[in-house]
Each structure stands twice: as C-alpha cells, then as structure tokens.
Amino acid sequence: MSANVAAMSHPALSEPAIAELYRFDCAGQLPLCEAGEPASFRFLNSAGQAPAVLICDHASRRIPARLERLGLDGAELARHIAWDIGVAEVAAQLAPALDCPCVLSDFSRLVIDANRRTGSSGSIPAVSDGTEIPGNRNLGEVHRRARVEQLFKPYHAAVSRQIEAKLAEGRPPLLIFLHSFTPVMDGFRRPWEIGILWNEDDRIARPLIEALRARGLTVGDNEPYSGASSEDYGLHAHGEGRGLPSALIELRQDLVDTREGVQRWARILRDVLKPLLAQQRDMANIPSEGQT
Ligand SMILES: [Zn+2]
C-alpha cells in the first residue's frame with residue numbers, strides 16, 4: 001500500500017501542525033528549567049548520511065529540577081513509567097551502524113509525553129500503570145502550557161529539523177521511531193520480543209515484520225500497542241503527515257536491559273533495517289537518477 005496523505009485523517013495531523021512546532025513562545029511563562037539544565041532533546045550522529053532519521057521519544061527519565069521529581073520517589077522513577085528502558089543505549093549503537101542521525105528526547109514522559117497529542121489524556125498523565133503522579137494532579141493551564149512550549153514543541157522542532165535537512169538534500173528519509181515496552185502489563189506476560197507499529201502506511205512495517213520473523217523472532221504486528229491509536233503523535237505527525245515511510249519499533253525491556261542485550265538488538269535492527277535503507281528511493285517513489 002502506498003501512503004495517500006490526503007486521505008489520512010489522524011487527529012495528530014492537525015494538532016499542533018508541524019510549522020507550529022517552531023513557534024514556541026516562552027515569554028511570560030513559568031520557566032521550567034534552571035540555567036544550565038539540558039535542552040529538551042539530544043542529537044546523535046547528526047552528520048549521518050543514510051536516508052533515515054532515528055527518533056526516540058521516551059529516551060530519558062530526566063525531570064527538570066523545579067518540578068521536584070513530580071513528588072515521586074526514586075523507586076517509582078526507576079520504573080518503565082518514567083522512560084523506555086534500553087532505548088537510548090540501543091540508539092547509540094544503531095545510529096552510527098546505520099549511518100543516520102538520531103534525535104532523543106531529554107525529558108521524562110511523566111512530565112509531558114512526547115508521543116501523545118497535547119491535550120489528550122495521556123499527555124501529562126495523572127496516573128501511569130497504577131502509580132499516581134502527584135506533580136501532575138490538578139495541573140493548571142499555565143503549567144500545562146509551560147510543558148508544551150518548553151519541552152514538547154522544542155523536541156519535535158528538533159525532530160523536524162533533522163527531517164527537513166534530509167528533504168533539503170533531496171533524500172526523503174525513512175522515519176524509524178524506537179521505543180521499548182514492559183514485559184508484563186496488567187498481569188499479562190507479553191510474548192513478543194519486538195513489536196512493529198504502523199497506522200496506514202506499511203511500507204516499512206511489512207518488510208520489517210517479515211525480515212524479523214524470518215530470523216525466528218516472535219514479532220508483534222501492531223502489538224503490544226496499535227499504531228492507529230488516536231492519542232499517539234510522532235508516527236502520524238512526522239511520518240504520515242509528511243508522506244514519509246515510517247514505522248515504530250517496540251523492544252521488550254527485559255531483552256535490552258543488559259549490555260549484551262543492547263548489542264544483540266542493535267545488531268539485529270541494523271541487519272533488518274539496512275536493506276530497507278537501500279530501497280529508500282523506491283519506497284519514497286523517487287525516480288532513480290537519469291529517469292524522467
Ligand atoms: Zn515509548
């Protein structure tokens with residue numbers, strides 16, 4: 001199936017629009033971060049030449065100091081609710097192995113979730129996997145807006161910058177979103193080692209699922225979550241919104257919580273993604289050079 005942007009109607013396509021990401025206005029707002037605190041994102045391997053961008057929405061569990069850990073103790077902040085365990089480590093190996101740039105969020109999803117539409121119920125969660133988040137309780141509009149303007153938008157503007165740099169080079173990138181999932185949720189032991197999530201565009205997902213299954217792996221097709229969720233943001237806004245081939249990869253966290261596991265999965269992903277990068281021109285419907 002080839003993506004038809006005009007036919008897509010996911011709510012993320014209209015809120016906030018990509019161009020709007022660049023208009024973050026912090027004037028008169030409560031400053032969230034102290035001077036010297038990190039920005040809301042990190043770039044890795046920015047000079048990577050491959051026609052792809054690796055995007056990690058939940059790479060960090062950092063909470064700006066002013067938010068006083070959202071009232072949570074260290075044990076809660078070490079749980080999967082704060083960030084995607086193992087993803088930053090896999091990305092650090094995968095981005096150079098694929099020779100592509102990578103953007104990582106540098107704030108916890110408990111402060112504001114980079115992969116939820118702003119204003120959706122999961123955007124600034126009051127409860128996450130059974131844990132109440134005191135710092136998000138009865139949060140006023142001023143505080144919500146500060147998180148959107150100072151964390152969510154600058155991070156997604158950074159993602160857009162990397163995508164637009166590739167477009168400017170005439171190489172529409174494949175977008176690979178990298179996440180990880182907790183092995184047990186609501187008492188259910190999830191059998192998948194890896195999940196591939198997609199919505200209407202299966203240009204990456206279909207061959208990726210086949211390549212992973214051919215290796216004997218237990219692969220979820222839109223499991224453990226669906227790429228069609230109306231609350232999700234990145235796959236829709238950056239991928240389908242621009243008509244770029246895109247897919248979201250979910251790694252099971254108990255497989256990437258050791259150095260050996262990180263190395264193994266970075267290698268597997270490199271091996272299954274590299275052939276797809278070589279097909280980028282076909283996938284993006286770009287005439288090969290010399291063809292009119
Ligand atoms: Zn995630």
# chains A, B, ... in the order shown; residues from 1 in each chain; ligands from 1
call {"tool": "residues_near_ligand", "arguments": {"ligand": "ligand 1", "cutoff": "7 Å", "atoms": "only C-alpha atoms and all ligand atoms", "output": "list in words"}}
result
Asp57, His58, Trp83, Asp84, His179, Ser180 and Phe181 of chain A
call {"tool": "write_last_selection", "arguments": {"atoms": "N, CA and C atoms", "output": "PDB file, in the first residue's frame"}}
result
ATOM      1  N   ASP A  57      11.386   8.990  21.384  1.00  0.00           N
ATOM      2  CA  ASP A  57      10.524   9.911  22.135  1.00  0.00           C
ATOM      3  C   ASP A  57      10.639   9.748  23.651  1.00  0.00           C
ATOM      4  N   HIS A  58      11.012   8.555  24.090  1.00  0.00           N
ATOM      5  CA  HIS A  58      10.995   8.256  25.529  1.00  0.00           C
ATOM      6  C   HIS A  58      12.372   7.830  26.017  1.00  0.00           C
ATOM      7  N   TRP A  83      10.424   6.218  31.563  1.00  0.00           N
ATOM      8  CA  TRP A  83      11.112   6.276  30.272  1.00  0.00           C
ATOM      9  C   TRP A  83      11.178   4.898  29.656  1.00  0.00           C
ATOM     10  N   ASP A  84      11.680   4.786  28.434  1.00  0.00           N
ATOM     11  CA  ASP A  84      11.783   3.499  27.752  1.00  0.00           C
ATOM     12  C   ASP A  84      13.176   2.907  28.014  1.00  0.00           C
ATOM     13  N   HIS A 179      11.153   2.538  20.511  1.00  0.00           N
ATOM     14  CA  HIS A 179      10.572   2.516  21.863  1.00  0.00           C
ATOM     15  C   HIS A 179      10.880   1.170  22.512  1.00  0.00           C
ATOM     16  N   SER A 180      10.508   1.041  23.809  1.00  0.00           N
ATOM     17  CA  SER A 180      10.570  -0.277  24.444  1.00  0.00           C
ATOM     18  C   SER A 180       9.343  -0.438  25.340  1.00  0.00           C
ATOM     19  N   PHE A 181       8.968  -1.704  25.580  1.00  0.00           N
ATOM     20  CA  PHE A 181       7.752  -1.970  26.360  1.00  0.00           C
ATOM     21  C   PHE A 181       8.046  -2.895  27.521  1.00  0.00           C
TER      22      PHE A 181
END
call {"tool": "closest_atom_pairs", "arguments": {"of": "stretch 127-179 of chain A", "to": "stretch 220-233 of chain A", "cutoff": "12 Å", "atoms": "only C-alpha atoms", "output": "CSV"}}
result
residue,atom,partner,partner_atom,distance
A:Phe152,CA,A:Tyr233,CA,10.9
A:Lys153,CA,A:Tyr233,CA,11.9
A:His156,CA,A:Tyr233,CA,10.0
A:Phe177,CA,A:Tyr233,CA,11.2
A:His179,CA,A:Tyr225,CA,11.2
call {"tool": "select_by_dssp", "arguments": {"residues": "stretch 224-254 of chain A", "states": "strand (DSSP E)", "output": "list in words"}}
result
Ser246, Ala247, Leu248, Ile249, Glu250, Leu251 and Arg252 of chain A
call {"tool": "write_last_selection", "arguments": {"atoms": "C-alpha atoms", "output": "mmCIF file, in the first residue's frame"}}
result
data_model
loop_
_atom_site.group_PDB
_atom_site.id
_atom_site.type_symbol
_atom_site.label_atom_id
_atom_site.label_comp_id
_atom_site.auth_asym_id
_atom_site.auth_seq_id
_atom_site.Cartn_x
_atom_site.Cartn_y
_atom_site.Cartn_z
ATOM 1 C CA SER A 246 7.646 5.387 8.820
ATOM 2 C CA ALA A 247 7.301 2.688 11.461
ATOM 3 C CA LEU A 248 7.533 2.416 15.208
ATOM 4 C CA ILE A 249 9.664 -0.316 16.746
ATOM 5 C CA GLU A 250 8.961 -1.589 20.288
ATOM 6 C CA LEU A 251 11.647 -3.687 22.011
ATOM 7 C CA ARG A 252 10.788 -5.758 25.094
#
call {"tool": "closest_residue", "arguments": {"among": "A:Arg213, A:Arg206, A:Arg270, A:Arg116", "to": "A:Ile194", "atoms": "only C-alpha atoms"}}
result
A:Arg213
call {"tool": "closest_residue", "arguments": {"among": "A:Val219, A:Ala47, A:Pro38, A:Val87", "to": "A:Pro191", "atoms": "only C-alpha atoms"}}
result
A:Val219
call {"tool": "atom_distance", "arguments": {"atom1": "atom CA of A:Pro173", "atom2": "atom CA of A:Arg215"}}
result
25.7 Å
call {"tool": "atom_distance", "arguments": {"atom1": "atom CA of A:Glu37", "atom2": "atom CA of A:Arg62"}}
result
10.1 Å
call {"tool": "residues_around", "arguments": {"residues": "A:Lys274", "least_positions_apart": "3", "cutoff": "10 Å", "atoms": "only C-alpha atoms", "output": "number ranges by chain"}}
result
A: 50, 97-99, 269-271, 277-279
call {"tool": "closest_residue", "arguments": {"among": "A:Ala114, A:Val90, A:Leu217, A:Met283", "to": "A:Glu193", "atoms": "only C-alpha atoms"}}
result
A:Leu217
call {"tool": "residues_around", "arguments": {"residues": "stretch 63-68 of chain A", "least_positions_apart": "2", "cutoff": "8 Å", "atoms": "only C-alpha atoms", "output": "MDAnalysis selection string"}}
result
chainID A and resid 32:34 37 61 70:71 107:108 111 135
call {"tool": "atom_distance", "arguments": {"atom1": "atom CA of A:Gln280", "atom2": "atom CA of A:Ala157"}}
result
23.6 Å
call {"tool": "closest_residue", "arguments": {"among": "A:Glu260, A:Glu89, A:Glu200, A:Asp254", "to": "A:His236", "atoms": "only C-alpha atoms"}}
result
A:Glu200
